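Dumped run14.cif below, it's mmCIF, C-alpha atoms and all ligand atoms:
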```
data_target
loop_
_atom_site.label_atom_id
_atom_site.label_comp_id
_atom_site.auth_asym_id
_atom_site.auth_seq_id
_atom_site.Cartn_x
_atom_site.Cartn_y
_atom_site.Cartn_z
CA MET A 69 5.15 -13.84 85.83
CA PRO A 70 6.25 -13.28 82.24
CA LYS A 71 9.47 -11.35 82.05
CA ARG A 72 9.76 -7.83 80.81
CA LEU A 73 11.30 -7.62 77.40
CA ASN A 74 13.47 -4.89 76.00
CA PRO A 75 11.96 -3.40 72.82
CA ASN A 76 15.25 -1.60 72.08
CA ARG A 77 16.80 -4.90 71.03
CA ILE A 78 14.56 -4.86 68.00
CA LYS A 79 15.66 -2.92 64.94
CA LYS A 80 12.81 -0.97 63.44
CA TYR A 81 13.78 -1.30 59.79
CA ARG A 82 14.48 -5.00 59.52
CA SER A 83 12.20 -8.01 59.46
CA TYR A 84 12.48 -10.99 61.74
CA THR A 85 11.59 -14.63 61.39
CA ILE A 86 10.04 -16.21 64.49
CA GLN A 87 13.41 -17.80 65.23
CA GLU A 88 15.30 -14.52 64.90
CA ALA A 89 12.80 -12.60 66.98
CA ALA A 90 12.98 -15.24 69.72
CA TYR A 91 16.78 -15.22 69.63
CA THR A 92 16.99 -11.42 69.73
CA LEU A 93 14.60 -11.20 72.68
CA ASP A 94 16.06 -14.24 74.41
CA ILE A 95 12.74 -16.08 74.61
CA HIS A 96 11.37 -19.35 73.26
CA LYS A 97 10.18 -19.34 69.66
CA ASN A 98 6.85 -20.80 70.77
CA THR A 99 6.23 -17.59 72.66
CA VAL A 100 6.64 -15.56 69.48
CA ALA A 101 4.44 -18.04 67.60
CA ARG A 102 1.77 -17.61 70.28
CA TRP A 103 1.93 -13.83 69.93
CA ILE A 104 1.19 -14.22 66.25
CA LYS A 105 -1.53 -16.80 66.71
CA TYR A 106 -3.37 -15.37 69.70
CA ASP A 107 -2.17 -11.91 70.56
CA GLY A 108 -2.43 -10.13 67.27
CA LEU A 109 1.23 -9.65 66.47
CA PRO A 110 1.12 -8.77 62.75
CA ILE A 111 3.12 -10.71 60.19
CA VAL A 112 4.12 -9.52 56.73
CA ASP A 113 2.11 -12.16 54.89
CA ASN A 114 0.99 -15.74 55.41
CA LYS A 115 3.94 -17.27 53.58
CA ARG A 116 6.41 -19.36 55.54
CA PRO A 117 8.72 -18.53 57.10
CA TYR A 118 6.61 -15.88 58.74
CA LEU A 119 8.22 -12.49 58.79
CA ILE A 120 7.59 -9.89 61.43
CA ARG A 121 8.35 -6.25 60.78
CA GLY A 122 10.73 -4.83 63.35
CA THR A 123 8.53 -1.82 63.88
CA ASP A 124 5.49 -4.05 64.61
CA LEU A 125 7.47 -6.18 67.01
CA LYS A 126 8.78 -3.13 68.82
CA THR A 127 5.27 -1.73 69.26
CA PHE A 128 3.95 -5.11 70.35
CA ILE A 129 6.57 -5.44 73.07
CA ARG A 130 6.04 -1.91 74.27
CA ASN A 131 2.29 -2.57 74.59
CA ARG A 132 2.93 -5.89 76.24
CA ASN A 133 5.20 -4.28 78.83
CA THR A 134 2.60 -1.62 79.60
CA GLU A 135 -0.20 -4.14 79.86
CA HIS A 136 1.68 -6.15 82.44
CA LYS A 137 2.01 -3.12 84.63
CA LYS A 138 -1.67 -2.60 85.23
CA PRO A 139 -3.62 -4.96 87.45
CA CYS A 140 -6.85 -6.52 86.34
CA GLY A 141 -9.56 -3.90 86.32
CA LEU A 142 -13.20 -4.58 86.96
CA GLY A 143 -14.00 -5.30 83.35
CA GLU A 144 -10.81 -7.24 82.80
CA PHE A 145 -10.04 -10.89 83.04
CA PHE A 146 -6.91 -12.91 83.08
CA CYS A 147 -6.89 -14.86 79.85
CA CYS A 148 -5.13 -18.20 80.33
CA LYS A 149 -4.47 -18.49 76.61
CA CYS A 150 -2.93 -15.04 76.19
CA ARG A 151 -1.45 -15.29 79.67
CA GLN A 152 -2.27 -11.71 80.43
CA SER A 153 -5.14 -9.56 81.51
CA ARG A 154 -7.53 -8.67 78.76
CA SER A 155 -10.56 -6.52 78.68
CA SER A 156 -13.88 -8.01 77.78
CA SER A 157 -16.61 -6.09 76.04
CA GLN A 158 -19.19 -8.58 77.21
CA VAL A 159 -19.50 -9.58 80.81
CA PHE A 160 -21.93 -12.16 82.08
CA VAL A 161 -22.92 -12.40 85.67
CA GLU A 162 -22.98 -16.07 86.52
CA VAL A 163 -23.60 -15.92 90.22
CA TYR A 164 -25.20 -13.00 91.89
CA PRO A 165 -23.29 -12.21 95.06
CA THR A 166 -25.33 -11.96 98.21
CA ASP A 167 -24.19 -10.66 101.60
CA ASN A 168 -20.43 -11.06 101.63
CA ARG A 169 -20.38 -14.14 99.54
CA THR A 170 -18.43 -14.29 96.35
CA GLY A 171 -19.96 -14.06 92.94
CA VAL A 172 -18.66 -15.21 89.62
CA ILE A 173 -18.60 -13.18 86.46
CA THR A 174 -17.62 -14.42 83.04
CA GLY A 175 -16.00 -12.53 80.23
CA PHE A 176 -14.50 -13.29 76.87
CA CYS A 177 -11.00 -12.27 75.91
CA ASN A 178 -11.23 -9.47 73.36
CA VAL A 179 -8.23 -10.90 71.50
CA CYS A 180 -8.73 -14.67 71.36
CA SER A 181 -12.32 -14.98 72.69
CA THR A 182 -11.35 -17.46 75.35
CA LYS A 183 -13.86 -17.64 78.17
CA ALA A 184 -12.51 -16.43 81.48
CA ASN A 185 -14.10 -16.48 84.90
CA LYS A 186 -13.41 -14.14 87.73
CA PHE A 187 -14.51 -14.11 91.32
CA ILE A 188 -15.82 -10.85 92.59
CA ASN A 189 -16.90 -9.77 96.02
CA GLN A 190 -19.94 -7.73 96.81
CA GLN A 191 -18.00 -4.47 96.80
CA GLN A 192 -16.80 -5.11 93.26
CA PHE A 193 -20.25 -6.21 92.27
CA LYS A 194 -21.67 -2.91 93.53
CA GLN A 195 -19.06 -1.03 91.52
CA LEU A 196 -20.05 -3.00 88.48
CA LYS A 197 -23.69 -2.33 89.15
CA SER A 198 -23.23 1.40 89.72
CA LYS A 199 -21.15 1.61 86.58
CA LEU A 200 -23.75 -0.08 84.50
CA GLY A 201 -26.93 1.18 86.07
CA SER A 202 -28.90 -1.94 86.38
CA ILE A 203 -28.07 -5.46 85.42
CA LEU A 204 -29.99 -8.64 85.45
CA PRO A 205 -28.73 -11.85 86.97
CA MET A 206 -27.30 -14.02 84.22
CA GLY A 207 -27.77 -11.11 81.86
CA GLU A 208 -25.44 -9.68 79.35
CA ILE A 209 -23.88 -6.40 80.29
CA HIS A 210 -21.50 -4.18 78.43
CA ILE A 211 -18.51 -2.46 79.86
CA ASP A 212 -16.90 0.23 77.83
CA GLY A 213 -13.31 1.28 78.06
CA GLY A 214 -11.04 0.64 81.01
CA ALA A 215 -12.29 -0.10 84.46
CA ASP A 216 -12.83 2.80 86.80
CA PRO A 217 -10.72 2.16 89.88
CA ARG A 218 -12.70 4.57 92.05
CA VAL A 219 -15.03 3.10 94.58
CA ASN A 220 -18.37 4.68 94.10
CA GLY A 221 -19.38 5.73 97.58
CA ALA A 222 -22.55 7.37 96.29
CA PHE A 223 -23.91 4.08 95.11
CA LYS A 224 -27.41 3.54 96.36
CA ASP A 225 -28.69 0.05 96.60
CA GLY A 226 -32.33 0.02 95.69
CA GLU A 227 -33.13 -2.88 97.97
ZN ZN B 1 -6.93 -14.25 75.15
#
```
Is it possible to give me this structure as structure tokens?
Ligand SMILES: [Zn+2]
Amino acid sequence: MPKRLNPNRIKKYRSYTIQEAAYTLDIHKNTVARWIKYDGLPIVDNKRPYLIRGTDLKTFIRNRNTEHKKPCGLGEFFCCKCRQSRSSSQVFVEVYPTDNRTGVITGFCNVCSTKANKFINQQQFKQLKSKLGSILPMGEIHIDGGADPRVNGAFKDGE
């Protein structure tokens, strides 16, 4: 599990190099570099050394801390590149679950576009189906916003 970082260590009105940011937060500089490369941490410009605005870094860490708190929702996948759960606007059903067998759905990280697979059981599949109306096996389906954690008891299976 990635550790929780303290955004209060960052001063809003100064800029940080990758090295300084890493030192201030007590993390490896590669982690900061990864945030810039894959996780959308803004930098001042593309000139080296990269500079990160304190206010951006503060916001980034706050968001990061919040994101770690919530578990993967139905439309979310764990991205192995970002090393955190990301939502996916496109979800592909790879294997249609039958009976109590497990199905596989595929999504794409909305930050770095890395493909991520997730196993779902039939219950989750029904939630997905009731949320989306109807879906086709191997079809492209769209999930908007965050996942609804409620189990839809009113779901009627047409079969
Ligand atoms: Zn990602």
Who sits within 8 Å of Val179 in chain A, only C-alpha atoms, same chain under 4 positions skipped, as an MDAnalysis selection string: chainID A and resid 106:108 154
Could the residues in this selection be saved with C-alpha atoms as a short mmCIF file (atom, residue, chain, number, x, y, z; two decimals), in the frame of the given file?
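New file again.cif:
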```
data_model
loop_
_atom_site.label_atom_id
_atom_site.label_comp_id
_atom_site.auth_asym_id
_atom_site.auth_seq_id
_atom_site.Cartn_x
_atom_site.Cartn_y
_atom_site.Cartn_z
CA TYR A 106 -3.37 -15.37 69.70
CA ASP A 107 -2.17 -11.91 70.56
CA GLY A 108 -2.43 -10.13 67.27
CA ARG A 154 -7.53 -8.67 78.76
#
```
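Reported to one decimal place, the separation of CA of Cys180 in chain A from CA of Val161 in chain A is 20.3 Å.
Near ligand ZN 1 (chain B), the residues found within 10 Å are Tyr106, Asp107, Gly108, Phe145, Phe146, Cys147, Cys148, Lys149, Cys150, Arg151, Gln152, Ser153, Arg154, Ser155, Ser156, Phe176, Cys177, Asn178, Val179, Cys180, Ser181, Thr182, Lys183 and Ala184 of chain A (criterion computed using only C-alpha atoms and all ligand atoms).
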Residues near Asn114 in chain A, cut-off 12 Å, only C-alpha atoms, skip fewer than 5 positions along chain, as a ChimeraX atom specification: /A:104-105,119-120
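Going from CA of Val159 in chain A over to CA of Ile173 in chain A, you cover 6.8 Å.
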Pick from A:Val172, A:Val112, A:Leu196, A:Val100 nearest to Phe128 in chain A, counting all atoms listed in the file: A:Val100
With 6 Å added on each side, what axis-aligned box encloses every listed atom of range 96-103 of chain A? Give the centre and edge lengths in Å to one decimal, as JSON.
```
{"center_x": 6.6, "center_y": -17.3, "center_z": 70.4, "size_x": 21.6, "size_y": 19.0, "size_z": 17.7}
```
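Put simply, CA of Leu125 in chain A is 25.8 Å away from CA of Gly141 in chain A.
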Residue nearest Lys97 in chain A - candidates A:Phe160, A:Phe187, A:Phe193, A:Tyr118, atoms counted: all atoms listed in the file: A:Tyr118
Incomplete range 98-123 of chain A filled out to N, CA, C and O atoms as a PDB file, in the frame of the given file:
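Wrote it out as rebuild-v6.pdb, contents follow:
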```pdb
ATOM      1  N   ASN A  98       8.282 -20.552  70.598  1.00  0.00           N
ATOM      2  CA  ASN A  98       6.850 -20.800  70.770  1.00  0.00           C
ATOM      3  C   ASN A  98       6.111 -19.577  71.325  1.00  0.00           C
ATOM      4  O   ASN A  98       4.934 -19.373  71.055  1.00  0.00           O
ATOM      5  N   THR A  99       6.833 -18.803  72.118  1.00  0.00           N
ATOM      6  CA  THR A  99       6.230 -17.590  72.660  1.00  0.00           C
ATOM      7  C   THR A  99       5.902 -16.618  71.536  1.00  0.00           C
ATOM      8  O   THR A  99       4.814 -16.053  71.479  1.00  0.00           O
ATOM      9  N   VAL A 100       6.854 -16.465  70.615  1.00  0.00           N
ATOM     10  CA  VAL A 100       6.640 -15.560  69.480  1.00  0.00           C
ATOM     11  C   VAL A 100       5.502 -16.098  68.596  1.00  0.00           C
ATOM     12  O   VAL A 100       4.641 -15.347  68.131  1.00  0.00           O
ATOM     13  N   ALA A 101       5.498 -17.424  68.406  1.00  0.00           N
ATOM     14  CA  ALA A 101       4.440 -18.040  67.600  1.00  0.00           C
ATOM     15  C   ALA A 101       3.072 -17.798  68.240  1.00  0.00           C
ATOM     16  O   ALA A 101       2.082 -17.547  67.545  1.00  0.00           O
ATOM     17  N   ARG A 102       3.022 -17.850  69.556  1.00  0.00           N
ATOM     18  CA  ARG A 102       1.770 -17.610  70.280  1.00  0.00           C
ATOM     19  C   ARG A 102       1.309 -16.157  70.122  1.00  0.00           C
ATOM     20  O   ARG A 102       0.124 -15.882  70.008  1.00  0.00           O
ATOM     21  N   TRP A 103       2.278 -15.253  70.126  1.00  0.00           N
ATOM     22  CA  TRP A 103       1.930 -13.830  69.930  1.00  0.00           C
ATOM     23  C   TRP A 103       1.239 -13.630  68.593  1.00  0.00           C
ATOM     24  O   TRP A 103       0.298 -12.871  68.477  1.00  0.00           O
ATOM     25  N   ILE A 104       1.760 -14.351  67.586  1.00  0.00           N
ATOM     26  CA  ILE A 104       1.190 -14.220  66.250  1.00  0.00           C
ATOM     27  C   ILE A 104      -0.200 -14.851  66.204  1.00  0.00           C
ATOM     28  O   ILE A 104      -1.161 -14.267  65.709  1.00  0.00           O
ATOM     29  N   LYS A 105      -0.291 -16.036  66.773  1.00  0.00           N
ATOM     30  CA  LYS A 105      -1.530 -16.800  66.710  1.00  0.00           C
ATOM     31  C   LYS A 105      -2.651 -16.197  67.561  1.00  0.00           C
ATOM     32  O   LYS A 105      -3.794 -16.118  67.131  1.00  0.00           O
ATOM     33  N   TYR A 106      -2.308 -15.781  68.768  1.00  0.00           N
ATOM     34  CA  TYR A 106      -3.370 -15.370  69.700  1.00  0.00           C
ATOM     35  C   TYR A 106      -3.383 -13.898  70.068  1.00  0.00           C
ATOM     36  O   TYR A 106      -4.398 -13.382  70.483  1.00  0.00           O
ATOM     37  N   ASP A 107      -2.239 -13.259  69.991  1.00  0.00           N
ATOM     38  CA  ASP A 107      -2.170 -11.910  70.560  1.00  0.00           C
ATOM     39  C   ASP A 107      -2.125 -10.796  69.539  1.00  0.00           C
ATOM     40  O   ASP A 107      -1.908  -9.653  69.884  1.00  0.00           O
ATOM     41  N   GLY A 108      -2.313 -11.158  68.290  1.00  0.00           N
ATOM     42  CA  GLY A 108      -2.430 -10.130  67.270  1.00  0.00           C
ATOM     43  C   GLY A 108      -1.132  -9.499  66.818  1.00  0.00           C
ATOM     44  O   GLY A 108      -1.139  -8.394  66.276  1.00  0.00           O
ATOM     45  N   LEU A 109      -0.014 -10.178  67.028  1.00  0.00           N
ATOM     46  CA  LEU A 109       1.230  -9.650  66.470  1.00  0.00           C
ATOM     47  C   LEU A 109       1.184  -9.804  64.954  1.00  0.00           C
ATOM     48  O   LEU A 109       1.038 -10.909  64.447  1.00  0.00           O
ATOM     49  N   PRO A 110       1.276  -8.686  64.218  1.00  0.00           N
ATOM     50  CA  PRO A 110       1.120  -8.770  62.750  1.00  0.00           C
ATOM     51  C   PRO A 110       2.329  -9.425  62.074  1.00  0.00           C
ATOM     52  O   PRO A 110       3.461  -9.250  62.516  1.00  0.00           O
ATOM     53  N   ILE A 111       2.054 -10.160  61.024  1.00  0.00           N
ATOM     54  CA  ILE A 111       3.120 -10.710  60.190  1.00  0.00           C
ATOM     55  C   ILE A 111       2.996 -10.107  58.793  1.00  0.00           C
ATOM     56  O   ILE A 111       1.933  -9.612  58.412  1.00  0.00           O
ATOM     57  N   VAL A 112       4.083 -10.169  58.046  1.00  0.00           N
ATOM     58  CA  VAL A 112       4.120  -9.520  56.730  1.00  0.00           C
ATOM     59  C   VAL A 112       3.105 -10.144  55.775  1.00  0.00           C
ATOM     60  O   VAL A 112       2.306  -9.473  55.164  1.00  0.00           O
ATOM     61  N   ASP A 113       3.158 -11.466  55.630  1.00  0.00           N
ATOM     62  CA  ASP A 113       2.110 -12.160  54.890  1.00  0.00           C
ATOM     63  C   ASP A 113       2.014 -13.575  55.448  1.00  0.00           C
ATOM     64  O   ASP A 113       2.690 -13.903  56.406  1.00  0.00           O
ATOM     65  N   ASN A 114       1.180 -14.416  54.844  1.00  0.00           N
ATOM     66  CA  ASN A 114       0.990 -15.740  55.410  1.00  0.00           C
ATOM     67  C   ASN A 114       1.954 -16.793  54.859  1.00  0.00           C
ATOM     68  O   ASN A 114       1.791 -17.966  55.094  1.00  0.00           O
ATOM     69  N   LYS A 115       2.967 -16.329  54.125  1.00  0.00           N
ATOM     70  CA  LYS A 115       3.940 -17.270  53.580  1.00  0.00           C
ATOM     71  C   LYS A 115       4.971 -17.655  54.637  1.00  0.00           C
ATOM     72  O   LYS A 115       5.368 -16.849  55.452  1.00  0.00           O
ATOM     73  N   ARG A 116       5.369 -18.916  54.616  1.00  0.00           N
ATOM     74  CA  ARG A 116       6.410 -19.360  55.540  1.00  0.00           C
ATOM     75  C   ARG A 116       7.774 -19.156  54.914  1.00  0.00           C
ATOM     76  O   ARG A 116       7.913 -19.353  53.724  1.00  0.00           O
ATOM     77  N   PRO A 117       8.809 -18.837  55.666  1.00  0.00           N
ATOM     78  CA  PRO A 117       8.720 -18.530  57.100  1.00  0.00           C
ATOM     79  C   PRO A 117       8.049 -17.188  57.339  1.00  0.00           C
ATOM     80  O   PRO A 117       8.233 -16.255  56.549  1.00  0.00           O
ATOM     81  N   TYR A 118       7.275 -17.131  58.400  1.00  0.00           N
ATOM     82  CA  TYR A 118       6.610 -15.880  58.740  1.00  0.00           C
ATOM     83  C   TYR A 118       7.644 -14.795  59.025  1.00  0.00           C
ATOM     84  O   TYR A 118       8.661 -15.039  59.650  1.00  0.00           O
ATOM     85  N   LEU A 119       7.340 -13.617  58.533  1.00  0.00           N
ATOM     86  CA  LEU A 119       8.220 -12.490  58.790  1.00  0.00           C
ATOM     87  C   LEU A 119       7.476 -11.424  59.593  1.00  0.00           C
ATOM     88  O   LEU A 119       6.328 -11.092  59.300  1.00  0.00           O
ATOM     89  N   ILE A 120       8.167 -10.921  60.577  1.00  0.00           N
ATOM     90  CA  ILE A 120       7.590  -9.890  61.430  1.00  0.00           C
ATOM     91  C   ILE A 120       8.375  -8.604  61.200  1.00  0.00           C
ATOM     92  O   ILE A 120       9.610  -8.614  61.242  1.00  0.00           O
ATOM     93  N   ARG A 121       7.654  -7.535  60.950  1.00  0.00           N
ATOM     94  CA  ARG A 121       8.350  -6.250  60.780  1.00  0.00           C
ATOM     95  C   ARG A 121       8.887  -5.798  62.139  1.00  0.00           C
ATOM     96  O   ARG A 121       8.173  -5.858  63.141  1.00  0.00           O
ATOM     97  N   GLY A 122      10.115  -5.301  62.126  1.00  0.00           N
ATOM     98  CA  GLY A 122      10.730  -4.830  63.350  1.00  0.00           C
ATOM     99  C   GLY A 122       9.887  -3.786  64.066  1.00  0.00           C
ATOM    100  O   GLY A 122       9.714  -3.825  65.280  1.00  0.00           O
ATOM    101  N   THR A 123       9.317  -2.890  63.281  1.00  0.00           N
ATOM    102  CA  THR A 123       8.530  -1.820  63.880  1.00  0.00           C
ATOM    103  C   THR A 123       7.268  -2.376  64.581  1.00  0.00           C
ATOM    104  O   THR A 123       6.886  -1.924  65.656  1.00  0.00           O
TER     105      THR A 123
END
```
